[in-house]
Each structure stands twice: as structure tokens, then as C-alpha cells.
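Heads up, upload30.cif below (mmCIF, N, CA and C atoms):
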data_final
loop_
_atom_site.label_atom_id
_atom_site.label_comp_id
_atom_site.auth_asym_id
_atom_site.auth_seq_id
_atom_site.Cartn_x
_atom_site.Cartn_y
_atom_site.Cartn_z
N MET U 1 -22.59 14.99 -44.78
CA MET U 1 -21.22 14.88 -44.35
C MET U 1 -21.21 14.30 -42.92
N ALA U 2 -20.51 13.21 -42.75
CA ALA U 2 -20.44 12.54 -41.45
C ALA U 2 -19.35 13.18 -40.60
N LEU U 3 -19.63 13.27 -39.32
CA LEU U 3 -18.63 13.80 -38.40
C LEU U 3 -17.68 12.69 -38.02
N GLU U 4 -16.42 13.02 -37.91
CA GLU U 4 -15.43 12.05 -37.49
C GLU U 4 -14.98 12.37 -36.06
N PHE U 5 -14.88 11.33 -35.26
CA PHE U 5 -14.46 11.51 -33.88
C PHE U 5 -13.11 10.82 -33.69
N ASP U 6 -12.27 11.47 -32.93
CA ASP U 6 -10.97 10.88 -32.61
C ASP U 6 -11.20 9.86 -31.50
N SER U 7 -11.09 8.59 -31.87
CA SER U 7 -11.34 7.54 -30.88
C SER U 7 -10.13 7.29 -29.99
N ASP U 8 -9.04 7.99 -30.24
CA ASP U 8 -7.84 7.82 -29.43
C ASP U 8 -7.52 9.12 -28.69
N SER U 9 -8.53 9.65 -28.02
CA SER U 9 -8.37 10.91 -27.28
C SER U 9 -7.46 10.69 -26.07
N PRO U 10 -6.95 11.75 -25.48
CA PRO U 10 -6.12 11.60 -24.28
C PRO U 10 -6.85 10.85 -23.15
N LEU U 11 -8.14 11.05 -23.04
CA LEU U 11 -8.91 10.34 -22.02
C LEU U 11 -8.94 8.84 -22.30
N MET U 12 -9.15 8.48 -23.55
CA MET U 12 -9.15 7.06 -23.93
C MET U 12 -7.75 6.46 -23.73
N GLN U 13 -6.72 7.21 -24.09
CA GLN U 13 -5.35 6.72 -23.92
C GLN U 13 -5.05 6.49 -22.44
N ARG U 14 -5.45 7.42 -21.60
CA ARG U 14 -5.22 7.30 -20.16
C ARG U 14 -5.98 6.09 -19.59
N SER U 15 -7.21 5.95 -20.00
CA SER U 15 -8.02 4.83 -19.54
C SER U 15 -7.41 3.50 -19.95
N ARG U 16 -6.99 3.40 -21.19
CA ARG U 16 -6.38 2.18 -21.69
C ARG U 16 -5.07 1.88 -20.94
N HIS U 17 -4.28 2.91 -20.72
CA HIS U 17 -3.01 2.76 -20.02
C HIS U 17 -3.25 2.24 -18.59
N LEU U 18 -4.22 2.83 -17.87
CA LEU U 18 -4.53 2.39 -16.51
C LEU U 18 -5.00 0.94 -16.49
N CYS U 19 -5.86 0.57 -17.43
CA CYS U 19 -6.36 -0.81 -17.50
C CYS U 19 -5.22 -1.78 -17.78
N GLU U 20 -4.32 -1.41 -18.67
CA GLU U 20 -3.18 -2.28 -18.99
C GLU U 20 -2.28 -2.46 -17.78
N ARG U 21 -2.00 -1.37 -17.06
CA ARG U 21 -1.14 -1.45 -15.87
C ARG U 21 -1.81 -2.26 -14.77
N GLN U 22 -3.12 -2.07 -14.60
CA GLN U 22 -3.85 -2.80 -13.58
C GLN U 22 -3.87 -4.30 -13.91
N ASP U 23 -4.11 -4.63 -15.17
CA ASP U 23 -4.11 -6.04 -15.60
C ASP U 23 -2.73 -6.67 -15.43
N ALA U 24 -1.68 -5.92 -15.77
CA ALA U 24 -0.31 -6.43 -15.65
C ALA U 24 0.02 -6.72 -14.19
N LYS U 25 -0.35 -5.81 -13.28
CA LYS U 25 -0.10 -6.03 -11.85
C LYS U 25 -0.91 -7.21 -11.34
N ARG U 26 -2.15 -7.32 -11.79
CA ARG U 26 -3.01 -8.45 -11.37
C ARG U 26 -2.38 -9.77 -11.83
N ASP U 27 -1.89 -9.80 -13.08
CA ASP U 27 -1.24 -11.01 -13.61
C ASP U 27 0.03 -11.34 -12.83
N GLU U 28 0.79 -10.31 -12.46
CA GLU U 28 2.02 -10.50 -11.70
C GLU U 28 1.72 -11.12 -10.33
N ILE U 29 0.70 -10.61 -9.67
CA ILE U 29 0.32 -11.14 -8.36
C ILE U 29 -0.20 -12.57 -8.49
N LYS U 30 -1.01 -12.82 -9.51
CA LYS U 30 -1.54 -14.17 -9.74
C LYS U 30 -0.41 -15.16 -10.00
N ALA U 31 0.57 -14.75 -10.82
CA ALA U 31 1.71 -15.62 -11.14
C ALA U 31 2.57 -15.88 -9.90
N ASN U 32 2.50 -14.96 -8.93
CA ASN U 32 3.28 -15.08 -7.71
C ASN U 32 2.48 -15.79 -6.60
N GLY U 33 1.40 -16.44 -6.95
CA GLY U 33 0.61 -17.18 -5.98
C GLY U 33 -0.37 -16.33 -5.18
N GLY U 34 -0.71 -15.14 -5.70
CA GLY U 34 -1.67 -14.27 -5.02
C GLY U 34 -1.07 -13.41 -3.93
N VAL U 35 0.26 -13.30 -3.92
CA VAL U 35 0.94 -12.52 -2.88
C VAL U 35 1.87 -11.49 -3.51
N SER U 36 2.29 -10.54 -2.66
CA SER U 36 3.25 -9.51 -3.07
C SER U 36 4.08 -9.14 -1.84
N GLU U 37 5.16 -8.40 -2.05
CA GLU U 37 6.03 -7.94 -0.96
C GLU U 37 5.51 -6.60 -0.43
N PHE U 38 5.53 -6.47 0.90
CA PHE U 38 5.08 -5.24 1.55
C PHE U 38 6.04 -4.89 2.68
N PRO U 39 6.10 -3.60 3.05
CA PRO U 39 6.89 -3.22 4.22
C PRO U 39 6.28 -3.86 5.47
N ALA U 40 7.12 -4.14 6.46
CA ALA U 40 6.65 -4.76 7.70
C ALA U 40 7.50 -4.26 8.86
N LEU U 41 6.92 -4.31 10.05
CA LEU U 41 7.62 -3.88 11.25
C LEU U 41 7.80 -5.09 12.17
N PHE U 42 9.01 -5.27 12.65
CA PHE U 42 9.37 -6.41 13.49
C PHE U 42 9.99 -5.92 14.79
N ASP U 43 9.93 -6.78 15.83
CA ASP U 43 10.72 -6.49 17.02
C ASP U 43 12.13 -7.02 16.75
N LEU U 44 13.04 -6.84 17.68
CA LEU U 44 14.43 -7.25 17.46
C LEU U 44 14.63 -8.76 17.49
N LYS U 45 13.57 -9.52 17.86
CA LYS U 45 13.63 -10.98 17.83
C LYS U 45 12.96 -11.53 16.56
N ASP U 46 12.71 -10.67 15.59
CA ASP U 46 12.09 -11.01 14.31
C ASP U 46 10.62 -11.42 14.40
N ASN U 47 9.93 -11.02 15.46
CA ASN U 47 8.49 -11.23 15.55
C ASN U 47 7.77 -10.08 14.85
N ARG U 48 6.77 -10.40 14.06
CA ARG U 48 6.00 -9.36 13.36
C ARG U 48 5.13 -8.63 14.38
N VAL U 49 5.20 -7.32 14.36
CA VAL U 49 4.46 -6.46 15.28
C VAL U 49 3.13 -6.06 14.64
N ARG U 50 2.08 -5.94 15.46
CA ARG U 50 0.76 -5.52 14.98
C ARG U 50 0.79 -4.02 14.70
N ALA U 51 1.26 -3.66 13.51
CA ALA U 51 1.35 -2.26 13.10
C ALA U 51 1.14 -2.17 11.60
N LYS U 52 0.49 -1.08 11.21
CA LYS U 52 0.26 -0.82 9.78
C LYS U 52 0.98 0.45 9.38
N LEU U 53 1.51 0.45 8.17
CA LEU U 53 2.15 1.64 7.62
C LEU U 53 1.07 2.56 7.08
N ILE U 54 1.02 3.79 7.59
CA ILE U 54 0.01 4.75 7.15
C ILE U 54 0.67 6.08 6.80
N ASN U 55 -0.04 6.90 6.07
CA ASN U 55 0.42 8.25 5.80
C ASN U 55 -0.26 9.15 6.82
N GLY U 56 0.43 9.44 7.90
CA GLY U 56 -0.13 10.21 9.01
C GLY U 56 0.05 11.70 8.85
N ARG U 57 -0.29 12.41 9.89
CA ARG U 57 -0.23 13.87 9.89
C ARG U 57 1.18 14.39 9.60
N TYR U 58 2.21 13.66 10.07
CA TYR U 58 3.59 14.11 9.91
C TYR U 58 4.38 13.25 8.93
N GLY U 59 3.68 12.56 8.06
CA GLY U 59 4.34 11.73 7.06
C GLY U 59 4.11 10.24 7.31
N LEU U 60 4.89 9.42 6.66
CA LEU U 60 4.75 7.98 6.75
C LEU U 60 5.11 7.50 8.15
N CYS U 61 4.22 6.69 8.76
CA CYS U 61 4.48 6.19 10.10
C CYS U 61 3.82 4.83 10.30
N TRP U 62 4.25 4.16 11.36
CA TRP U 62 3.66 2.88 11.75
C TRP U 62 2.62 3.17 12.83
N MET U 63 1.40 2.67 12.62
CA MET U 63 0.33 2.81 13.60
C MET U 63 0.14 1.45 14.27
N PHE U 64 0.19 1.42 15.60
CA PHE U 64 0.14 0.16 16.35
C PHE U 64 -1.29 -0.21 16.74
N PHE U 65 -1.51 -1.52 16.85
CA PHE U 65 -2.83 -2.07 17.19
C PHE U 65 -2.69 -3.05 18.35
N ASP U 66 -3.78 -3.18 19.13
CA ASP U 66 -3.77 -4.14 20.24
C ASP U 66 -4.25 -5.50 19.73
N ALA U 67 -4.37 -6.46 20.64
CA ALA U 67 -4.74 -7.83 20.27
C ALA U 67 -6.15 -7.92 19.67
N ALA U 68 -7.01 -6.93 19.97
CA ALA U 68 -8.37 -6.91 19.43
C ALA U 68 -8.47 -6.07 18.16
N ASP U 69 -7.34 -5.75 17.56
CA ASP U 69 -7.26 -4.94 16.32
C ASP U 69 -7.76 -3.51 16.49
N ASN U 70 -7.66 -2.97 17.70
CA ASN U 70 -8.00 -1.57 17.94
C ASN U 70 -6.72 -0.74 17.95
N PRO U 71 -6.75 0.45 17.35
CA PRO U 71 -5.56 1.31 17.39
C PRO U 71 -5.19 1.66 18.84
N THR U 72 -3.91 1.62 19.14
CA THR U 72 -3.45 1.91 20.50
C THR U 72 -3.16 3.39 20.72
N GLY U 73 -3.05 4.15 19.66
CA GLY U 73 -2.68 5.56 19.78
C GLY U 73 -1.17 5.75 19.73
N LYS U 74 -0.43 4.66 19.56
CA LYS U 74 1.03 4.73 19.48
C LYS U 74 1.44 4.76 18.00
N PHE U 75 2.36 5.65 17.68
CA PHE U 75 2.87 5.79 16.32
C PHE U 75 4.39 5.90 16.36
N VAL U 76 5.04 5.39 15.31
CA VAL U 76 6.48 5.52 15.16
C VAL U 76 6.75 5.96 13.73
N LYS U 77 7.57 6.98 13.57
CA LYS U 77 7.92 7.47 12.23
C LYS U 77 8.61 6.35 11.45
N ALA U 78 8.17 6.16 10.21
CA ALA U 78 8.75 5.11 9.36
C ALA U 78 10.02 5.61 8.67
N HIS U 79 10.89 4.68 8.37
CA HIS U 79 12.11 4.94 7.61
C HIS U 79 12.95 6.10 8.15
N PRO U 80 13.34 6.02 9.43
CA PRO U 80 14.17 7.10 9.97
C PRO U 80 15.53 7.14 9.28
N ALA U 81 16.20 8.27 9.41
CA ALA U 81 17.50 8.45 8.77
C ALA U 81 18.54 7.45 9.29
N ARG U 82 18.46 7.13 10.57
CA ARG U 82 19.41 6.18 11.17
C ARG U 82 18.67 4.95 11.67
N GLU U 83 19.23 3.79 11.39
CA GLU U 83 18.66 2.53 11.85
C GLU U 83 18.58 2.48 13.37
N SER U 84 19.52 3.13 14.04
CA SER U 84 19.57 3.12 15.51
C SER U 84 18.32 3.76 16.12
N THR U 85 17.65 4.63 15.38
CA THR U 85 16.42 5.25 15.88
C THR U 85 15.37 4.18 16.15
N MET U 86 15.23 3.22 15.25
CA MET U 86 14.28 2.12 15.45
C MET U 86 14.80 1.14 16.49
N THR U 87 16.08 0.85 16.44
CA THR U 87 16.68 -0.12 17.35
C THR U 87 16.48 0.31 18.81
N ARG U 88 16.59 1.61 19.09
CA ARG U 88 16.36 2.12 20.45
C ARG U 88 14.94 1.84 20.93
N LYS U 89 14.03 1.67 20.00
CA LYS U 89 12.62 1.37 20.33
C LYS U 89 12.34 -0.13 20.26
N ASP U 90 13.41 -0.92 20.14
CA ASP U 90 13.32 -2.39 20.02
C ASP U 90 12.52 -2.81 18.79
N LEU U 91 12.68 -2.06 17.70
CA LEU U 91 11.97 -2.34 16.45
C LEU U 91 12.92 -2.31 15.28
N LYS U 92 12.51 -2.95 14.19
CA LYS U 92 13.25 -2.84 12.93
C LYS U 92 12.25 -3.01 11.78
N GLU U 93 12.57 -2.35 10.69
CA GLU U 93 11.72 -2.43 9.50
C GLU U 93 12.27 -3.49 8.54
N GLY U 94 11.36 -4.10 7.82
CA GLY U 94 11.74 -5.09 6.83
C GLY U 94 10.62 -5.26 5.83
N THR U 95 10.59 -6.41 5.18
CA THR U 95 9.52 -6.70 4.24
C THR U 95 8.96 -8.09 4.54
N GLU U 96 7.76 -8.32 4.06
CA GLU U 96 7.13 -9.63 4.19
C GLU U 96 6.22 -9.87 2.99
N THR U 97 5.97 -11.13 2.74
CA THR U 97 5.06 -11.52 1.67
C THR U 97 3.67 -11.66 2.27
N ALA U 98 2.67 -11.08 1.61
CA ALA U 98 1.30 -11.12 2.12
C ALA U 98 0.32 -11.22 0.96
N PRO U 99 -0.90 -11.72 1.23
CA PRO U 99 -1.92 -11.77 0.17
C PRO U 99 -2.18 -10.37 -0.37
N ALA U 100 -2.38 -10.27 -1.68
CA ALA U 100 -2.49 -8.96 -2.30
C ALA U 100 -3.57 -8.92 -3.37
N ALA U 101 -4.01 -7.70 -3.66
CA ALA U 101 -4.97 -7.43 -4.74
C ALA U 101 -4.61 -6.08 -5.34
N VAL U 102 -5.30 -5.72 -6.42
CA VAL U 102 -5.00 -4.48 -7.14
C VAL U 102 -6.28 -3.66 -7.29
N THR U 103 -6.12 -2.34 -7.17
CA THR U 103 -7.23 -1.42 -7.40
C THR U 103 -6.66 -0.11 -7.95
N LEU U 104 -7.53 0.85 -8.19
CA LEU U 104 -7.08 2.17 -8.61
C LEU U 104 -7.18 3.11 -7.42
N GLY U 105 -6.21 4.01 -7.29
CA GLY U 105 -6.21 4.99 -6.21
C GLY U 105 -6.10 6.38 -6.77
N GLY U 106 -6.24 7.37 -5.91
CA GLY U 106 -6.14 8.77 -6.33
C GLY U 106 -7.48 9.29 -6.78
N GLY U 107 -7.45 10.18 -7.76
CA GLY U 107 -8.70 10.72 -8.28
C GLY U 107 -9.42 11.60 -7.29
N GLY U 108 -8.65 12.35 -6.49
CA GLY U 108 -9.25 13.17 -5.45
C GLY U 108 -10.23 14.21 -5.93
N SER U 109 -10.00 14.77 -7.08
CA SER U 109 -10.93 15.77 -7.60
C SER U 109 -11.80 15.13 -8.67
N GLY U 110 -12.85 15.80 -9.02
CA GLY U 110 -13.77 15.25 -10.01
C GLY U 110 -13.37 15.60 -11.43
N GLY U 111 -14.11 15.10 -12.36
CA GLY U 111 -13.91 15.42 -13.77
C GLY U 111 -12.63 14.85 -14.33
N LEU U 112 -12.12 15.51 -15.36
CA LEU U 112 -10.92 15.04 -16.03
C LEU U 112 -9.70 15.05 -15.12
N ALA U 113 -9.61 16.04 -14.23
CA ALA U 113 -8.47 16.09 -13.31
C ALA U 113 -8.44 14.84 -12.44
N GLY U 114 -9.60 14.38 -12.02
CA GLY U 114 -9.68 13.16 -11.22
C GLY U 114 -9.22 11.95 -11.99
N VAL U 115 -9.62 11.85 -13.25
CA VAL U 115 -9.23 10.72 -14.09
C VAL U 115 -7.71 10.70 -14.29
N PHE U 116 -7.15 11.86 -14.52
CA PHE U 116 -5.71 11.93 -14.80
C PHE U 116 -4.86 11.81 -13.54
N SER U 117 -5.47 11.81 -12.37
CA SER U 117 -4.69 11.61 -11.14
C SER U 117 -4.80 10.17 -10.62
N LEU U 118 -5.51 9.30 -11.31
CA LEU U 118 -5.63 7.91 -10.89
C LEU U 118 -4.32 7.16 -11.09
N TYR U 119 -4.08 6.16 -10.25
CA TYR U 119 -2.90 5.32 -10.37
C TYR U 119 -3.24 3.92 -9.85
N VAL U 120 -2.41 2.94 -10.20
CA VAL U 120 -2.62 1.55 -9.81
C VAL U 120 -2.03 1.33 -8.41
N VAL U 121 -2.80 0.68 -7.54
CA VAL U 121 -2.39 0.42 -6.16
C VAL U 121 -2.43 -1.08 -5.88
N VAL U 122 -1.35 -1.61 -5.35
CA VAL U 122 -1.31 -2.98 -4.86
C VAL U 122 -1.51 -2.89 -3.35
N PHE U 123 -2.49 -3.61 -2.82
CA PHE U 123 -2.77 -3.53 -1.39
C PHE U 123 -2.87 -4.91 -0.76
N ARG U 124 -2.65 -4.94 0.55
CA ARG U 124 -2.74 -6.17 1.33
C ARG U 124 -4.21 -6.51 1.53
N THR U 125 -4.51 -7.80 1.52
CA THR U 125 -5.88 -8.23 1.79
C THR U 125 -6.00 -8.90 3.16
N ASP U 126 -4.94 -8.85 3.95
CA ASP U 126 -4.97 -9.49 5.28
C ASP U 126 -5.17 -8.48 6.41
N GLY U 127 -5.54 -7.26 6.09
CA GLY U 127 -5.80 -6.26 7.13
C GLY U 127 -4.59 -5.46 7.54
N GLY U 128 -3.43 -5.70 6.98
CA GLY U 128 -2.24 -4.89 7.27
C GLY U 128 -1.13 -5.61 8.00
N TYR U 129 -1.46 -6.73 8.63
CA TYR U 129 -0.45 -7.55 9.31
C TYR U 129 -1.04 -8.95 9.49
N PRO U 130 -0.17 -9.96 9.64
CA PRO U 130 -0.67 -11.33 9.80
C PRO U 130 -1.40 -11.52 11.13
N ALA U 131 -2.27 -12.50 11.19
CA ALA U 131 -3.07 -12.78 12.39
C ALA U 131 -2.20 -13.10 13.60
N ASP U 132 -1.02 -13.67 13.38
CA ASP U 132 -0.17 -14.05 14.50
C ASP U 132 0.83 -12.97 14.92
N ALA U 133 0.65 -11.74 14.42
CA ALA U 133 1.54 -10.64 14.80
C ALA U 133 1.35 -10.32 16.29
N ILE U 134 2.42 -9.88 16.91
CA ILE U 134 2.39 -9.61 18.36
C ILE U 134 2.13 -8.12 18.61
N THR U 135 1.63 -7.80 19.82
CA THR U 135 1.46 -6.42 20.21
C THR U 135 2.78 -5.87 20.74
N ALA U 136 2.98 -4.60 20.55
CA ALA U 136 4.24 -3.99 21.01
C ALA U 136 3.98 -2.88 22.01
#
Is it possible to give me this structure as C-alpha cells?
Amino acid sequence: MALEFDSDSPLMQRSRHLCERQDAKRDEIKANGGVSEFPALFDLKDNRVRAKLINGRYGLCWMFFDAADNPTGKFVKAHPARESTMTRKDLKEGTETAPAAVTLGGGGSGGLAGVFSLYVVVFRTDGGYPADAITA
């Protein structure tokens, strides 16, 4: 008597779903010329500021960098409740098109829990801001 295995287990379904989503995002970026839209930080004259959006100790924030790409130690909370909060700091949030790629993120724990916590991530390949961004 031969044993039968369920080839469509939840693990296989999850794996297939992740691969399909990753491939779809990759195709979308390729069709868009290798770029995607990302959040960006600008000064009030529409100059791109050397800052990256990170998940910091107190939530989502902008981390600033100097001309040599070193962190300055300056942070600004992202997406404040009032636009005037950013305007008082001579900043504004917006979006920009940047080179992009796709990977899997999450999976903090091992085993099956790690597999089931994976998700598709679109990320910038230019280091977080364009080379001509200004220091703030």
C-alpha cells in the first residue's frame, strides 16, 4: 500500500502565494522601467533632503544624513497629524520615483512561524535618497 502525501499543504500554498506575489511585483517594477514610488522628504523649495524613512524607537521617522552619507543624529517624526508641524521645520513630505527591487521580509522567528510571517517588500536600490539630495 503506497502512502499518499498532500502536495498542496498550507506550507506549499504559502510558498506558492509568496512566489506569485514576488514575481508580480518584480514584473510591475520591470514594466515601470525598474522604478517605483517611495516616500520622500523635501525642503520648502522642493529640494530633496538627505533623509531616509526608518522605523525608529518611537515609530516611523526621517533619519538625516550628512554629505558623506553619515547619520547626523537628527530625526523628525514622519507623517505628523498636522502639515504645519513639518512646515515649521522647513520640511514637507511627498513621493518620488526611484530605482527599485523586490525581496522577502519578516520571518523573525524560525520554523513554520517564520515562514508564515514572510511578506513581499519593494525597496529602493539607490541607498534611500538620490545622490543630489541636499543636507538639512
Non-local contacts of range 39-56 of chain U (8 Å; only C-alpha atoms; under 4 positions in same chain excluded) as a list in words: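 Selected residues are Leu60, Cys61, Trp62, Met63, Phe64, Phe65, Asp66, Ala67, Ala78, Thr87, Asp90, Leu91, Lys92, Glu93, Gly94, Thr95, Glu96, Gly128, Tyr129, Pro130, Asp132, Ala133, Ile134, Thr135 and Ala136 of chain U.
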Near-range 8-18 of chain U list (7 Å; all atoms listed in the file; drop same-chain fewer than 5 positions) as an MDAnalysis selection string: chainID U and resid 23 119:120
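If you look at CA of Pro71 in chain U and atom N of Gly106 in chain U, they are 24.1 Å away from each other.
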Near-Gln22 in chain U list (8 Å; only C-alpha atoms; drop same-chain fewer than 5 positions) as a PyMOL selection string: chain U and resi 102-104+120
CA of Ala98 in chain U to CA of Val35 in chain U, straight-line distance in Å: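 Between CA of Val35 in chain U and CA of Ala98 in chain U the gap works out to 5.2 Å.
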